[in-house]
$ cat work07.pdb   # PDB, C-alpha atoms, pLDDT in the B column
ATOM      1  CA  PHE A   3       1.155  60.184   8.057  1.00 46.00           C
ATOM      2  CA  THR A   4       4.566  59.340   6.561  1.00 50.00           C
ATOM      3  CA  ILE A   5       4.951  56.457   8.991  1.00 51.00           C
ATOM      4  CA  MET A   6       1.540  55.165   7.908  1.00 45.00           C
ATOM      5  CA  LYS A   7       2.581  55.304   4.225  1.00 42.00           C
ATOM      6  CA  LYS A   8       5.788  53.396   4.981  1.00 43.00           C
ATOM      7  CA  ALA A   9       3.857  50.781   6.932  1.00 40.00           C
ATOM      8  CA  LEU A  10       1.374  50.297   4.095  1.00 40.00           C
ATOM      9  CA  LEU A  11       4.170  50.150   1.529  1.00 39.00           C
ATOM     10  CA  PHE A  12       5.988  47.545   3.631  1.00 41.00           C
ATOM     11  CA  ALA A  13       2.789  45.506   4.020  1.00 40.00           C
ATOM     12  CA  ALA A  14       2.136  45.631   0.263  1.00 39.00           C
ATOM     13  CA  LEU A  15       5.700  44.549  -0.535  1.00 35.00           C
ATOM     14  CA  PHE A  16       5.422  41.718   1.999  1.00 37.00           C
ATOM     15  CA  VAL A  17       2.235  40.408   0.358  1.00 35.00           C
ATOM     16  CA  ILE A  18       3.726  40.678  -3.140  1.00 34.00           C
ATOM     17  CA  THR A  19       6.992  39.047  -2.117  1.00 35.00           C
ATOM     18  CA  PHE A  20       5.726  36.295   0.139  1.00 38.00           C
ATOM     19  CA  GLY A  21       2.086  35.983  -0.860  1.00 41.00           C
ATOM     20  CA  SER A  22       2.994  34.967  -4.398  1.00 43.00           C
ATOM     21  CA  GLY A  23       5.198  32.209  -2.987  1.00 51.00           C
ATOM     22  CA  ILE A  24       2.278  30.372  -1.432  1.00 61.00           C
ATOM     23  CA  ALA A  25       2.023  27.003  -3.134  1.00 72.00           C
ATOM     24  CA  GLN A  26      -1.162  25.957  -4.857  1.00 95.00           C
ATOM     25  CA  THR A  27      -2.325  22.599  -3.533  1.00 95.00           C
ATOM     26  CA  VAL A  28      -3.043  20.090  -6.291  1.00 96.00           C
ATOM     27  CA  PHE A  29      -3.644  17.020  -4.106  1.00 98.00           C
ATOM     28  CA  TYR A  30      -3.534  16.196  -0.408  1.00 98.00           C
ATOM     29  CA  SER A  31      -4.238  12.994   1.475  1.00 98.00           C
ATOM     30  CA  ASP A  32      -3.835  12.455   5.183  1.00 97.00           C
ATOM     31  CA  PHE A  33      -5.269   8.911   4.863  1.00 98.00           C
ATOM     32  CA  GLU A  34      -7.939   9.628   7.470  1.00 98.00           C
ATOM     33  CA  THR A  35     -10.819   8.780   5.109  1.00 98.00           C
ATOM     34  CA  TRP A  36     -11.139   5.361   3.482  1.00 98.00           C
ATOM     35  CA  ASP A  37     -13.799   3.967   1.146  1.00 97.00           C
ATOM     36  CA  ASP A  38     -13.041   0.537   2.631  1.00 95.00           C
ATOM     37  CA  ALA A  39     -10.055  -1.127   4.385  1.00 92.00           C
ATOM     38  CA  ASN A  40      -8.090  -1.288   1.082  1.00 95.00           C
ATOM     39  CA  THR A  41      -9.154   1.938  -0.628  1.00 97.00           C
ATOM     40  CA  PRO A  42      -8.026   5.280   0.776  1.00 98.00           C
ATOM     41  CA  ALA A  43     -10.300   8.127  -0.383  1.00 98.00           C
ATOM     42  CA  ASN A  44      -9.097   9.788  -3.614  1.00 98.00           C
ATOM     43  CA  TRP A  45      -6.605   6.992  -4.331  1.00 98.00           C
ATOM     44  CA  ILE A  46      -6.609   3.840  -6.511  1.00 98.00           C
ATOM     45  CA  GLY A  47      -6.648   5.632  -9.858  1.00 98.00           C
ATOM     46  CA  THR A  48      -6.460   3.880 -13.215  1.00 98.00           C
ATOM     47  CA  ALA A  49      -2.630   3.690 -13.063  1.00 98.00           C
ATOM     48  CA  THR A  50      -2.783   1.564  -9.895  1.00 98.00           C
ATOM     49  CA  ASN A  51      -1.494  -1.953 -10.582  1.00 98.00           C
ATOM     50  CA  ILE A  52      -0.967  -3.311  -7.072  1.00 98.00           C
ATOM     51  CA  THR A  53      -3.338  -5.948  -5.691  1.00 97.00           C
ATOM     52  CA  LEU A  54      -5.755  -3.998  -3.495  1.00 96.00           C
ATOM     53  CA  THR A  55      -5.311  -6.398  -0.564  1.00 97.00           C
ATOM     54  CA  ASP A  56      -1.685  -5.160  -0.469  1.00 98.00           C
ATOM     55  CA  VAL A  57      -2.904  -1.628   0.351  1.00 98.00           C
ATOM     56  CA  THR A  58      -4.313  -1.394   3.862  1.00 97.00           C
ATOM     57  CA  GLN A  59      -5.502   1.114   6.390  1.00 98.00           C
ATOM     58  CA  PHE A  60      -2.869   1.154   9.146  1.00 97.00           C
ATOM     59  CA  SER A  61      -3.450   2.557  12.629  1.00 97.00           C
ATOM     60  CA  THR A  62      -0.175   1.799  14.426  1.00 96.00           C
ATOM     61  CA  ALA A  63       1.530   5.124  15.272  1.00 96.00           C
ATOM     62  CA  PRO A  64       0.682   7.145  12.146  1.00 97.00           C
ATOM     63  CA  TYR A  65       2.650  10.310  11.409  1.00 98.00           C
ATOM     64  CA  ALA A  66      -0.493  12.383  12.032  1.00 97.00           C
ATOM     65  CA  GLY A  67      -4.107  11.585  12.806  1.00 97.00           C
ATOM     66  CA  THR A  68      -5.458   8.055  13.186  1.00 98.00           C
ATOM     67  CA  TYR A  69      -4.373   6.255  10.000  1.00 98.00           C
ATOM     68  CA  SER A  70      -1.613   5.886   7.443  1.00 98.00           C
ATOM     69  CA  MET A  71      -1.502   3.730   4.303  1.00 98.00           C
ATOM     70  CA  LYS A  72       0.471   0.474   4.451  1.00 98.00           C
ATOM     71  CA  ILE A  73       1.766  -0.915   1.156  1.00 98.00           C
ATOM     72  CA  ASN A  74       3.058  -4.465   0.757  1.00 98.00           C
ATOM     73  CA  ASN A  75       5.111  -5.296  -2.334  1.00 97.00           C
ATOM     74  CA  ASP A  76       7.888  -7.711  -1.395  1.00 96.00           C
ATOM     75  CA  THR A  77       8.922  -8.287  -5.025  1.00 95.00           C
ATOM     76  CA  VAL A  78      11.778  -6.585  -6.907  1.00 96.00           C
ATOM     77  CA  GLY A  79       9.337  -5.382  -9.570  1.00 96.00           C
ATOM     78  CA  HIS A  80       7.632  -2.108  -8.791  1.00 97.00           C
ATOM     79  CA  LYS A  81       3.914  -1.771  -8.131  1.00 98.00           C
ATOM     80  CA  ARG A  82       1.968   1.464  -8.395  1.00 98.00           C
ATOM     81  CA  VAL A  83      -0.604   3.120  -6.168  1.00 98.00           C
ATOM     82  CA  SER A  84      -1.993   6.226  -7.864  1.00 98.00           C
ATOM     83  CA  THR A  85      -4.229   9.114  -6.945  1.00 98.00           C
ATOM     84  CA  LYS A  86      -7.587   9.733  -8.554  1.00 98.00           C
ATOM     85  CA  ALA A  87      -7.460  12.088 -11.555  1.00 98.00           C
ATOM     86  CA  VAL A  88      -6.249  15.669 -11.088  1.00 97.00           C
ATOM     87  CA  SER A  89      -5.443  18.442 -13.558  1.00 97.00           C
ATOM     88  CA  VAL A  90      -1.833  19.253 -14.490  1.00 96.00           C
ATOM     89  CA  THR A  91      -0.319  21.788 -16.865  1.00 96.00           C
ATOM     90  CA  ALA A  92       2.524  21.106 -19.301  1.00 95.00           C
ATOM     91  CA  GLY A  93       5.813  22.596 -18.139  1.00 94.00           C
ATOM     92  CA  SER A  94       4.633  23.089 -14.557  1.00 95.00           C
ATOM     93  CA  VAL A  95       6.701  21.902 -11.630  1.00 97.00           C
ATOM     94  CA  TYR A  96       4.929  19.740  -9.048  1.00 97.00           C
ATOM     95  CA  ASN A  97       6.457  19.316  -5.603  1.00 97.00           C
ATOM     96  CA  ILE A  98       5.537  16.057  -3.910  1.00 98.00           C
ATOM     97  CA  SER A  99       6.133  15.437  -0.227  1.00 98.00           C
ATOM     98  CA  PHE A 100       5.054  12.696   2.126  1.00 98.00           C
ATOM     99  CA  TYR A 101       6.217  10.845   5.205  1.00 98.00           C
ATOM    100  CA  ALA A 102       7.343   7.223   5.036  1.00 98.00           C
ATOM    101  CA  ARG A 103       8.576   4.563   7.415  1.00 98.00           C
ATOM    102  CA  GLY A 104       8.864   0.800   7.524  1.00 98.00           C
ATOM    103  CA  ASN A 105      11.001  -1.199   5.163  1.00 97.00           C
ATOM    104  CA  GLY A 106      11.077  -0.839   1.380  1.00 98.00           C
ATOM    105  CA  GLU A 107      11.789   1.461  -1.526  1.00 98.00           C
ATOM    106  CA  VAL A 108       9.480   4.231  -2.768  1.00 98.00           C
ATOM    107  CA  ARG A 109       9.566   6.775  -5.593  1.00 98.00           C
ATOM    108  CA  THR A 110       7.088   9.092  -7.263  1.00 98.00           C
ATOM    109  CA  GLY A 111       5.915   9.504 -10.820  1.00 98.00           C
ATOM    110  CA  PHE A 112       2.872  10.531 -12.815  1.00 96.00           C
ATOM    111  CA  TYR A 113       0.500   9.244 -15.446  1.00 97.00           C
ATOM    112  CA  ASP A 114      -1.109  11.803 -17.773  1.00 95.00           C
ATOM    113  CA  GLY A 115      -4.079   9.617 -18.680  1.00 93.00           C
ATOM    114  CA  ALA A 116      -2.338   8.152 -21.730  1.00 94.00           C
ATOM    115  CA  SER A 117       1.326   7.576 -20.842  1.00 95.00           C
ATOM    116  CA  TYR A 118       3.718   7.491 -17.906  1.00 96.00           C
ATOM    117  CA  GLY A 119       6.199  10.258 -17.153  1.00 94.00           C
ATOM    118  CA  THR A 120       9.742   9.682 -15.930  1.00 93.00           C
ATOM    119  CA  TYR A 121       9.923   8.303 -12.395  1.00 97.00           C
ATOM    120  CA  ASN A 122      12.093   9.839  -9.701  1.00 98.00           C
ATOM    121  CA  ALA A 123      14.846   7.824  -8.015  1.00 98.00           C
ATOM    122  CA  TYR A 124      13.902   5.321  -5.332  1.00 98.00           C
ATOM    123  CA  VAL A 125      14.287   6.335  -1.706  1.00 98.00           C
ATOM    124  CA  VAL A 126      15.227   3.484   0.646  1.00 98.00           C
ATOM    125  CA  ILE A 127      13.168   3.471   3.839  1.00 98.00           C
ATOM    126  CA  ASN A 128      14.313   1.267   6.713  1.00 97.00           C
ATOM    127  CA  GLY A 129      13.158   2.082  10.216  1.00 96.00           C
ATOM    128  CA  THR A 130      10.361   2.966  12.590  1.00 96.00           C
ATOM    129  CA  THR A 131      10.991   6.726  12.465  1.00 97.00           C
ATOM    130  CA  TRP A 132       8.973   8.774   9.986  1.00 98.00           C
ATOM    131  CA  THR A 133      11.145  10.197   7.182  1.00 98.00           C
ATOM    132  CA  LYS A 134      10.014  13.122   5.025  1.00 98.00           C
ATOM    133  CA  VAL A 135      10.418  12.365   1.316  1.00 98.00           C
ATOM    134  CA  GLU A 136      10.416  15.247  -1.173  1.00 98.00           C
ATOM    135  CA  GLN A 137      10.563  14.835  -4.942  1.00 98.00           C
ATOM    136  CA  THR A 138       9.766  17.041  -7.936  1.00 97.00           C
ATOM    137  CA  ILE A 139       8.021  16.257 -11.205  1.00 96.00           C
ATOM    138  CA  ILE A 140       7.752  18.405 -14.325  1.00 95.00           C
ATOM    139  CA  CYS A 141       4.712  17.381 -16.360  1.00 94.00           C
ATOM    140  CA  ASP A 142       5.282  17.305 -20.115  1.00 92.00           C
ATOM    141  CA  THR A 143       1.612  17.542 -21.062  1.00 94.00           C
ATOM    142  CA  THR A 144      -1.563  19.281 -19.954  1.00 96.00           C
ATOM    143  CA  SER A 145      -4.138  16.801 -18.706  1.00 97.00           C
ATOM    144  CA  ALA A 146      -7.364  16.811 -16.702  1.00 97.00           C
ATOM    145  CA  THR A 147      -6.921  13.090 -15.986  1.00 97.00           C
ATOM    146  CA  ALA A 148      -3.393  12.966 -14.559  1.00 98.00           C
ATOM    147  CA  GLU A 149      -2.530  10.794 -11.567  1.00 98.00           C
ATOM    148  CA  PHE A 150       0.398  11.052  -9.176  1.00 98.00           C
ATOM    149  CA  ILE A 151       2.028   7.725  -8.432  1.00 98.00           C
ATOM    150  CA  LEU A 152       3.741   6.046  -5.510  1.00 98.00           C
ATOM    151  CA  SER A 153       5.891   3.267  -6.954  1.00 98.00           C
ATOM    152  CA  VAL A 154       7.083   0.734  -4.372  1.00 98.00           C
ATOM    153  CA  ARG A 155       9.255  -2.373  -4.349  1.00 98.00           C
ATOM    154  CA  ASN A 156      11.238  -4.615  -2.006  1.00 98.00           C
ATOM    155  CA  THR A 157       9.040  -4.091   1.052  1.00 98.00           C
ATOM    156  CA  MET A 158       9.663  -6.403   3.991  1.00 97.00           C
ATOM    157  CA  ALA A 159       7.543  -7.548   6.908  1.00 95.00           C
ATOM    158  CA  THR A 160      10.260  -6.139   9.190  1.00 91.00           C
ATOM    159  CA  ASN A 161       8.801  -2.817  10.378  1.00 94.00           C
ATOM    160  CA  ASP A 162       5.428  -3.612   8.693  1.00 96.00           C
ATOM    161  CA  HIS A 163       6.365  -3.186   5.020  1.00 97.00           C
ATOM    162  CA  LEU A 164       6.039   0.475   3.927  1.00 98.00           C
ATOM    163  CA  GLN A 165       3.751   3.070   5.498  1.00 98.00           C
ATOM    164  CA  ILE A 166       2.903   6.415   3.897  1.00 98.00           C
ATOM    165  CA  ASP A 167       1.243   9.438   5.518  1.00 98.00           C
ATOM    166  CA  SER A 168       0.472  13.093   4.704  1.00 98.00           C
ATOM    167  CA  PHE A 169       0.907  12.923   0.915  1.00 98.00           C
ATOM    168  CA  TYR A 170       0.981  16.450  -0.555  1.00 98.00           C
ATOM    169  CA  VAL A 171       1.350  17.737  -4.125  1.00 98.00           C
ATOM    170  CA  SER A 172       1.658  21.449  -4.911  1.00 97.00           C
ATOM    171  CA  VAL A 173       2.580  23.598  -7.890  1.00 96.00           C
ATOM    172  CA  GLY A 174       6.041  24.953  -7.260  1.00 88.00           C
ATOM    173  CA  THR A 175       9.248  26.147  -8.782  1.00 76.00           C
ATOM    174  CA  LEU A 176      12.358  24.269  -9.712  1.00 67.00           C
ATOM    175  CA  THR A 177      15.229  25.103  -7.399  1.00 62.00           C
ATOM    176  CA  GLY A 178      18.928  24.507  -7.830  1.00 53.00           C
ATOM    177  CA  VAL A 179      18.792  24.882 -11.629  1.00 48.00           C
ATOM    178  CA  SER A 180      20.699  27.634 -13.438  1.00 43.00           C
TER     179      SER A 180
END

$ encode --input "work07.pdb" --output "structure tokens"
Amino acid sequence: FTIMKKALLFAALFVITFGSGIAQTVFYSDFETWDDANTPANWIGTATNITLTDVTQFSTAPYAGTYSMKINNDTVGHKRVSTKAVSVTAGSVYNISFYARGNGEVRTGFYDGASYGTYNAYVVINGTTWTKVEQTIICDTTSATAEFILSVRNTMATNDHLQIDSFYVSVGTLTGVS
């Protein structure tokens, strides 16, 4: 009986310790579903300012599944592709991760429905190998109409501009801060 109590105690501690660390998914897109050839499902929110013909369904060697999203913006000025509206809470940390390859620069940001938050630094992508990009955003307002943003610039036809796959946003914690 004592062994059983210890086992149950251990199981309860495991759930409390590790179960509470499970991230809450806010948004996920694997780019497998598209409304049309230029509109991935749950994307092209109101903060999007890129010409839709520069966003395309791409089937050449995606990170996972059948499709990725190809973005073409060969100018030095950034263009945005945003998600459809999601809810965010002021002061919450949002972890964003996705895979990228091709040739260009990409960063993340958010729009709360009225104004833009601070963007993260650009990540330079240059190659045919998928690279995991991870960035963090702290929202400064609570909003039911927030959008997460991919901001891109300087894409090049070499390696088919910029391709994005498996875009994931979760509520998290800020690490490395004391």

$ closest_residue --input "work07.pdb" --among "A:Ala116, A:Ile127, A:Val83, A:Ala66" --to "A:His163" --atoms "all atoms listed in the file"
A:Ile127

$ residues_near_point --input "work07.pdb" --point "(8.7, -3.8, 2.5)" --cutoff "10 Å" --atoms "all atoms listed in the file" --output "PyMOL selection string"
chain A and resi 72-77+103-108+126-128+154-165

$ residues_around --input "work07.pdb" --residues "A:Phe169" --least-positions-apart "6" --cutoff "9 Å" --atoms "all atoms listed in the file" --output "PDB file with C-alpha atoms, in the coordinates of the input"
ATOM      1  CA  PHE A  29      -3.644  17.020  -4.106  1.00 98.00           C
ATOM      2  CA  TYR A  30      -3.534  16.196  -0.408  1.00 98.00           C
ATOM      3  CA  SER A  31      -4.238  12.994   1.475  1.00 98.00           C
ATOM      4  CA  ASP A  32      -3.835  12.455   5.183  1.00 97.00           C
ATOM      5  CA  PHE A  33      -5.269   8.911   4.863  1.00 98.00           C
ATOM      6  CA  ILE A  98       5.537  16.057  -3.910  1.00 98.00           C
ATOM      7  CA  SER A  99       6.133  15.437  -0.227  1.00 98.00           C
ATOM      8  CA  PHE A 100       5.054  12.696   2.126  1.00 98.00           C
ATOM      9  CA  TYR A 101       6.217  10.845   5.205  1.00 98.00           C
TER      10      TYR A 101
END

$ closest_residue --input "work07.pdb" --among "A:Asp142, A:Asp114, A:Asp167, A:Asp38" --to "A:Pro64" --atoms "only C-alpha atoms"
A:Asp167

$ resolve_selection --input "work07.pdb" --expression "the PyMOL selection byres ((chain A and resi 40) around 8)" --output "ChimeraX atom specification"
/A:36-39,41-42,54-59

$ write_last_selection --input "work07.pdb" --atoms "C-alpha atoms" --output "CSV table (one decimal), in the coordinates of the input"
chain,number,residue,atom,x,y,z
A,36,TRP,CA,-11.1,5.4,3.5
A,37,ASP,CA,-13.8,4.0,1.1
A,38,ASP,CA,-13.0,0.5,2.6
A,39,ALA,CA,-10.1,-1.1,4.4
A,41,THR,CA,-9.2,1.9,-0.6
A,42,PRO,CA,-8.0,5.3,0.8
A,54,LEU,CA,-5.8,-4.0,-3.5
A,55,THR,CA,-5.3,-6.4,-0.6
A,56,ASP,CA,-1.7,-5.2,-0.5
A,57,VAL,CA,-2.9,-1.6,0.4
A,58,THR,CA,-4.3,-1.4,3.9
A,59,GLN,CA,-5.5,1.1,6.4

$ residues_near_point --input "work07.pdb" --point "(5.9, 10.9, -18.3)" --cutoff "10 Å" --atoms "only C-alpha atoms" --output "ChimeraX atom specification"
/A:111-114,116-121,139-143

$ closest_residue --input "work07.pdb" --among "A:Val88, A:Leu152, A:Ala146, A:Val78" --to "A:Ala123" --atoms "all atoms listed in the file"
A:Leu152

$ closest_residue --input "work07.pdb" --among "A:Tyr124, A:Tyr96, A:Trp132, A:Tyr69" --to "A:Val171" --atoms "all atoms listed in the file"
A:Tyr96

$ resolve_selection --input "work07.pdb" --expression "the PyMOL selection byres ((chain A and resi 85) around 6)" --output "list in words"
Asn44, Trp45, Ile46, Gly47, Ser84, Lys86, Glu149 and Phe150 of chain A

$ atom_distance --input "work07.pdb" --atom1 "atom CA of A:Thr50" --atom2 "atom CA of A:Thr130"
26.1 Å

$ decode --input "work07.pdb" --residues "stretch 89-168 of chain A" --atoms "C-alpha atoms" --output "PDB file, in the first residue's frame"
ATOM      1  CA  SER A  89      -7.753  36.825 -28.930  1.00  0.00           C
ATOM      2  CA  VAL A  90      -4.736  38.018 -26.923  1.00  0.00           C
ATOM      3  CA  THR A  91      -4.354  39.169 -23.333  1.00  0.00           C
ATOM      4  CA  ALA A  92      -2.340  42.188 -22.185  1.00  0.00           C
ATOM      5  CA  GLY A  93       0.936  41.203 -20.549  1.00  0.00           C
ATOM      6  CA  SER A  94       0.869  37.658 -21.925  1.00  0.00           C
ATOM      7  CA  VAL A  95       3.868  36.175 -23.671  1.00  0.00           C
ATOM      8  CA  TYR A  96       3.261  34.614 -27.089  1.00  0.00           C
ATOM      9  CA  ASN A  97       5.817  32.209 -28.524  1.00  0.00           C
ATOM     10  CA  ILE A  98       5.874  32.114 -32.309  1.00  0.00           C
ATOM     11  CA  SER A  99       7.649  29.397 -34.250  1.00  0.00           C
ATOM     12  CA  PHE A 100       7.696  28.457 -37.901  1.00  0.00           C
ATOM     13  CA  TYR A 101       9.971  26.963 -40.518  1.00  0.00           C
ATOM     14  CA  ALA A 102      11.427  29.071 -43.320  1.00  0.00           C
ATOM     15  CA  ARG A 103      13.652  28.573 -46.330  1.00  0.00           C
ATOM     16  CA  GLY A 104      14.421  30.330 -49.582  1.00  0.00           C
ATOM     17  CA  ASN A 105      15.954  33.757 -49.792  1.00  0.00           C
ATOM     18  CA  GLY A 106      14.813  36.829 -47.866  1.00  0.00           C
ATOM     19  CA  GLU A 107      14.305  38.369 -44.458  1.00  0.00           C
ATOM     20  CA  VAL A 108      11.402  37.611 -42.103  1.00  0.00           C
ATOM     21  CA  ARG A 109      10.298  38.831 -38.674  1.00  0.00           C
ATOM     22  CA  THR A 110       7.160  38.618 -36.576  1.00  0.00           C
ATOM     23  CA  GLY A 111       4.905  41.201 -35.014  1.00  0.00           C
ATOM     24  CA  PHE A 112       1.292  41.754 -34.044  1.00  0.00           C
ATOM     25  CA  TYR A 113      -1.598  44.094 -34.655  1.00  0.00           C
ATOM     26  CA  ASP A 114      -4.149  44.514 -31.850  1.00  0.00           C
ATOM     27  CA  GLY A 115      -6.962  45.680 -34.120  1.00  0.00           C
ATOM     28  CA  ALA A 116      -6.080  49.356 -33.674  1.00  0.00           C
ATOM     29  CA  SER A 117      -2.280  49.667 -33.628  1.00  0.00           C
ATOM     30  CA  TYR A 118       0.893  47.722 -34.337  1.00  0.00           C
ATOM     31  CA  GLY A 119       3.125  46.305 -31.619  1.00  0.00           C
ATOM     32  CA  THR A 120       6.915  46.305 -31.743  1.00  0.00           C
ATOM     33  CA  TYR A 121       8.346  43.985 -34.388  1.00  0.00           C
ATOM     34  CA  ASN A 122      11.036  41.428 -33.639  1.00  0.00           C
ATOM     35  CA  ALA A 123      14.401  41.545 -35.412  1.00  0.00           C
ATOM     36  CA  TYR A 124      14.647  40.241 -38.960  1.00  0.00           C
ATOM     37  CA  VAL A 125      16.005  36.750 -39.507  1.00  0.00           C
ATOM     38  CA  VAL A 126      17.968  36.303 -42.745  1.00  0.00           C
ATOM     39  CA  ILE A 127      17.013  33.138 -44.619  1.00  0.00           C
ATOM     40  CA  ASN A 128      19.252  31.983 -47.462  1.00  0.00           C
ATOM     41  CA  GLY A 129      19.143  28.357 -48.518  1.00  0.00           C
ATOM     42  CA  THR A 130      17.129  25.306 -49.451  1.00  0.00           C
ATOM     43  CA  THR A 131      17.222  23.763 -45.964  1.00  0.00           C
ATOM     44  CA  TRP A 132      14.302  24.467 -43.643  1.00  0.00           C
ATOM     45  CA  THR A 133      15.309  26.655 -40.676  1.00  0.00           C
ATOM     46  CA  LYS A 134      13.216  26.859 -37.503  1.00  0.00           C
ATOM     47  CA  VAL A 135      12.545  30.469 -36.499  1.00  0.00           C
ATOM     48  CA  GLU A 136      11.420  31.223 -32.940  1.00  0.00           C
ATOM     49  CA  GLN A 137      10.446  34.665 -31.674  1.00  0.00           C
ATOM     50  CA  THR A 138       8.499  35.998 -28.692  1.00  0.00           C
ATOM     51  CA  ILE A 139       5.940  38.779 -28.438  1.00  0.00           C
ATOM     52  CA  ILE A 140       4.459  40.362 -25.320  1.00  0.00           C
ATOM     53  CA  CYS A 141       1.090  41.923 -26.120  1.00  0.00           C
ATOM     54  CA  ASP A 142       0.477  45.285 -24.462  1.00  0.00           C
ATOM     55  CA  THR A 143      -3.305  45.184 -24.779  1.00  0.00           C
ATOM     56  CA  THR A 144      -6.172  42.724 -24.529  1.00  0.00           C
ATOM     57  CA  SER A 145      -7.910  42.278 -27.864  1.00  0.00           C
ATOM     58  CA  ALA A 146     -10.335  39.864 -29.511  1.00  0.00           C
ATOM     59  CA  THR A 147      -9.238  41.117 -32.943  1.00  0.00           C
ATOM     60  CA  ALA A 148      -5.454  40.725 -32.764  1.00  0.00           C
ATOM     61  CA  GLU A 149      -3.449  39.392 -35.700  1.00  0.00           C
ATOM     62  CA  PHE A 150       0.018  37.866 -35.746  1.00  0.00           C
ATOM     63  CA  ILE A 151       2.195  39.165 -38.548  1.00  0.00           C
ATOM     64  CA  LEU A 152       4.920  37.842 -40.810  1.00  0.00           C
ATOM     65  CA  SER A 153       6.844  40.860 -42.083  1.00  0.00           C
ATOM     66  CA  VAL A 154       9.077  40.120 -45.078  1.00  0.00           C
ATOM     67  CA  ARG A 155      11.515  42.047 -47.249  1.00  0.00           C
ATOM     68  CA  ASN A 156      14.384  41.545 -49.690  1.00  0.00           C
ATOM     69  CA  THR A 157      13.191  38.211 -51.074  1.00  0.00           C
ATOM     70  CA  MET A 158      14.971  36.937 -54.170  1.00  0.00           C
ATOM     71  CA  ALA A 159      14.013  34.533 -56.929  1.00  0.00           C
ATOM     72  CA  THR A 160      17.106  32.508 -55.979  1.00  0.00           C
ATOM     73  CA  ASN A 161      15.688  29.600 -53.952  1.00  0.00           C
ATOM     74  CA  ASP A 162      12.084  30.682 -54.783  1.00  0.00           C
ATOM     75  CA  HIS A 163      11.781  33.815 -52.630  1.00  0.00           C
ATOM     76  CA  LEU A 164      10.686  32.938 -49.061  1.00  0.00           C
ATOM     77  CA  GLN A 165       8.693  29.870 -48.037  1.00  0.00           C
ATOM     78  CA  ILE A 166       6.988  29.463 -44.662  1.00  0.00           C
ATOM     79  CA  ASP A 167       5.549  26.284 -43.128  1.00  0.00           C
ATOM     80  CA  SER A 168       4.121  25.075 -39.794  1.00  0.00           C
TER      81      SER A 168
END
